[in-house]
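Since the structure comes first, as C-alpha cells, the remarks are kept for the end.
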Amino acid sequence: MQPSPQSERVITVGDVVDVVERAYPPALAESWDAVGLVCGDREEQARGVLACVDVTEAVVDAAIEAGAGIVVAHHPLLLRGVTTLAADTAKGRIVHRLIRSGTALLAAHTNADSARPGVSDALADRLGVFDTVPIAPKPVDPLDKWVVMVPEGNVEQVSEAMFAAGAGTIGDYRDCSWSVVGTGQFEAGESASPAIGEIGMRTHVDEARVEMVAGRGLRAAVLRALRNAHPYEEPAFDVFELAAFGSDVGLGRVGALAEPMTLRDFTAMAARVLRTPAGVRAAGDPDALVRTVAVCGGAGDSLLDRVRGLDVDCYVTSDLRHHPADESLRVGGPALIDAGHWATEFPWCAQVTALLDAELGIPTTVFDEPTDPFVLHSSL
Ligand SMILES: [Zn+2]
C-alpha cells in the first residue's frame, strides 16, 4: 500500500464500485457473466484496494493483512449456480473470511475485457502492440431496426405506441421514423377475423412501411406495443439487428508492432515482458516475420475464427487447445502464442489500481503472486 495525500477523505466501497463500473460498464459484460459487488456494504469505508486475477485464500490473507476494504478481482468468485456458502466449502470459506474481516469483493470480468482501456489493452501495451481496435467490436447500445406494414390510416396510432415503448430514439432525437406507402395484399383464411376485407377474398390495402430503431433490450416491449396498437390480427413486420460499425469496445485487440520481428524473437519477448509461470509456447514458423498482432487476455480460442479473418501475423492468448490450434494453422491462420491464462490477464491489475489511485487517491496493491493453478513445470 502506498499512502496518498488525498486519502483523508472517507472513501466508501460504493465509491470504488462506482469508479470501477464507470471504467468497465457492467452493460458490456457477456450475458452469461456475473459481474459486480459479490459481498460488502457500499456504505462502509474502503481503506484500500487489492487487485487480483483470482480470489484465493492467499489473496484474502493479503487483503486482510493490508487492511484493504475491498478486493477487485477479474474472475467472479461466484459464476455458476451456487446452493451453499457454508464455511467448510472452498468458496464459502472465502466469502466468510471476506465478510468477517469487513472486506468487500467486486468482480470486473468480461466488462473489463470489452471496455477500453481493458484487459486486452493492458496485455497489448505490455507486448508493444499499438493502434489497436477490438477483435470482436461490441455495440455499446445494440439496436434493432423495426419495419412495420401499417394501413395508411393507422400509422400514427401504431407509431405513437412504439415510440411510447421506447422506439424511435437516435441520440438526442426522439420519435424518429421513416415511411413510404405501398400496396399490401392478403387473403384471410376461414378462421381469421380480418380488420379489413372478407374471408376468402384477395384484399389489396394501401399500407405504409414504417421504419424506426429501438434498443435491443426493448424488443419485448416494442413488440407488445406494436401488436396492441396494430389493427391487424397478424401484423406484418421485420426486426433487423443492426451491425455495429466503428465500436471501439469489445473482446480482444488487434494492432501492430512498432518494428517487425520474427516469431522466435516475439515469443522470447512475450516471455520476458509477461509474468508467465508456465512459460510461453508458440505455434507457427519461428522465422516468419510478425508485424500485426491480435491479443486476447484469458482463454481466447473462441475468437480463433475471427482472428483468422483479420489477416494478422500472430495471435497471443491462452488456453489454446490442440485441435482448434492445429486446424487454424492448417487453414492458413496466424502464428499462435499461448502465454497462460493468468499471465495474459495479470497486466490489467495495474490498470485498475492506477485508475483507482488517480480517481480516488486510495491506497492500492496488486496481488502479484501468480494464481495460476499449475505451479510445477518440467521440460526436457
Ligand atoms: Zn480469465
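Chain labels A, B, ... are given in the sequence in which chains occur in the C-alpha cells; within each chain residues are numbered consecutively from 1, and ligands are likewise numbered from 1 in the order shown.
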
From region 11-124 of chain A, collect each residue whose DSSP state is strand (DSSP E) and return the set as a PyMOL selection string. chain A and resi 36-39+49-52+70-73+104-107

Contacts to ligand 1 at 10 Å cut-off (only C-alpha atoms and all ligand atoms) as number ranges by chain: A: 53-54, 74-76, 109-110, 113, 119, 296-300, 318-319, 340-346

Written file, previous selection with C-alpha atoms, as a PDB file, in the first residue's frame:
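For reference, result_6.pdb as written:
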ATOM      1  CA  VAL A  53      -6.976 -12.009 -11.129  1.00  0.00           C
ATOM      2  CA  ASP A  54      -8.421 -14.800  -8.932  1.00  0.00           C
ATOM      3  CA  HIS A  74     -11.085 -10.134 -12.560  1.00  0.00           C
ATOM      4  CA  HIS A  75     -12.621 -13.599 -12.217  1.00  0.00           C
ATOM      5  CA  PRO A  76     -16.022 -13.779 -10.492  1.00  0.00           C
ATOM      6  CA  HIS A 109     -14.762  -9.740 -15.704  1.00  0.00           C
ATOM      7  CA  THR A 110     -15.985  -9.617 -19.308  1.00  0.00           C
ATOM      8  CA  ASP A 113     -12.427  -7.474 -21.198  1.00  0.00           C
ATOM      9  CA  VAL A 119      -7.776  -6.364 -20.032  1.00  0.00           C
ATOM     10  CA  CYS A 296      -6.952 -11.585 -26.073  1.00  0.00           C
ATOM     11  CA  GLY A 297      -6.379 -11.804 -22.325  1.00  0.00           C
ATOM     12  CA  GLY A 298      -7.601 -15.105 -20.869  1.00  0.00           C
ATOM     13  CA  ALA A 299      -8.999 -18.029 -22.818  1.00  0.00           C
ATOM     14  CA  GLY A 300      -9.149 -16.835 -26.426  1.00  0.00           C
ATOM     15  CA  SER A 318      -4.133 -18.509 -23.556  1.00  0.00           C
ATOM     16  CA  ASP A 319      -5.749 -21.892 -23.007  1.00  0.00           C
ATOM     17  CA  GLY A 340      -1.049 -18.776 -19.956  1.00  0.00           C
ATOM     18  CA  HIS A 341      -4.361 -17.564 -18.573  1.00  0.00           C
ATOM     19  CA  TRP A 342      -3.134 -15.718 -15.506  1.00  0.00           C
ATOM     20  CA  ALA A 343      -0.179 -14.093 -17.262  1.00  0.00           C
ATOM     21  CA  THR A 344      -2.324 -12.597 -20.038  1.00  0.00           C
ATOM     22  CA  GLU A 345      -4.800 -11.080 -17.578  1.00  0.00           C
ATOM     23  CA  PHE A 346      -2.437 -10.025 -14.826  1.00  0.00           C
TER      24      PHE A 346
END

Quick one: residues within 12 Å of Trp146 (chain A), only C-alpha atoms, excluding same-chain residues fewer than 6 positions away - as a count of residues only? 29

Using DSSP assignments from the backbone, pull out every residue in region 14-51 of chain A that falls under alpha helix (DSSP H) and give it to me as a ChimeraX atom specification. /A:14-23

Which is closest to Pro137 (chain A) among A:Val290, A:Leu28, A:Met149, A:Ala124, if we use only C-alpha atoms?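 Looking only at the distances to Pro137 (chain A), the closest residue turns out to be A:Leu28.
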
Contacts of Val307 (chain A) within 8 Å, only C-alpha atoms, excl. fewer than 2 positions in-chain, as a VMD selection string: chain A and resid 135 294 303 to 305 309 to 312 315 333 to 334

Could you pull the residues within 9 Å of Ala350 (chain A), counting only C-alpha atoms, minus those fewer than 2 positions along the same chain, as a list in words? Ala51, Ala122, Phe346, Pro347, Trp348, Val352, Thr353, Ala354, Leu355, Thr365 and Val366 of chain A

Take the residues that were just selected and, keeping C-alpha atoms, output them as an mmCIF file, in the first residue's frame.
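Done, and the output landed in part_4.cif:
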data_model
loop_
_atom_site.group_PDB
_atom_site.id
_atom_site.type_symbol
_atom_site.label_atom_id
_atom_site.label_comp_id
_atom_site.auth_asym_id
_atom_site.auth_seq_id
_atom_site.Cartn_x
_atom_site.Cartn_y
_atom_site.Cartn_z
ATOM 1 C CA ALA A 51 -6.456 -6.013 -7.216
ATOM 2 C CA ALA A 122 -3.138 -3.885 -20.784
ATOM 3 C CA PHE A 346 -2.437 -10.025 -14.826
ATOM 4 C CA PRO A 347 -1.352 -6.762 -16.569
ATOM 5 C CA TRP A 348 -4.921 -5.499 -16.044
ATOM 6 C CA VAL A 352 -7.336 -0.921 -12.343
ATOM 7 C CA THR A 353 -5.139 0.183 -9.415
ATOM 8 C CA ALA A 354 -3.786 3.136 -11.449
ATOM 9 C CA LEU A 355 -7.371 4.106 -12.238
ATOM 10 C CA THR A 365 -1.924 -3.021 -4.007
ATOM 11 C CA VAL A 366 -1.622 -5.544 -6.804
#

Nearest to Leu257 (chain A) among A:Asp125, A:Asp372, A:Asp287, A:Glu233, with distances taken over only C-alpha atoms: which residue is it?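 Smallest distance to Leu257 (chain A) is found for A:Asp125.
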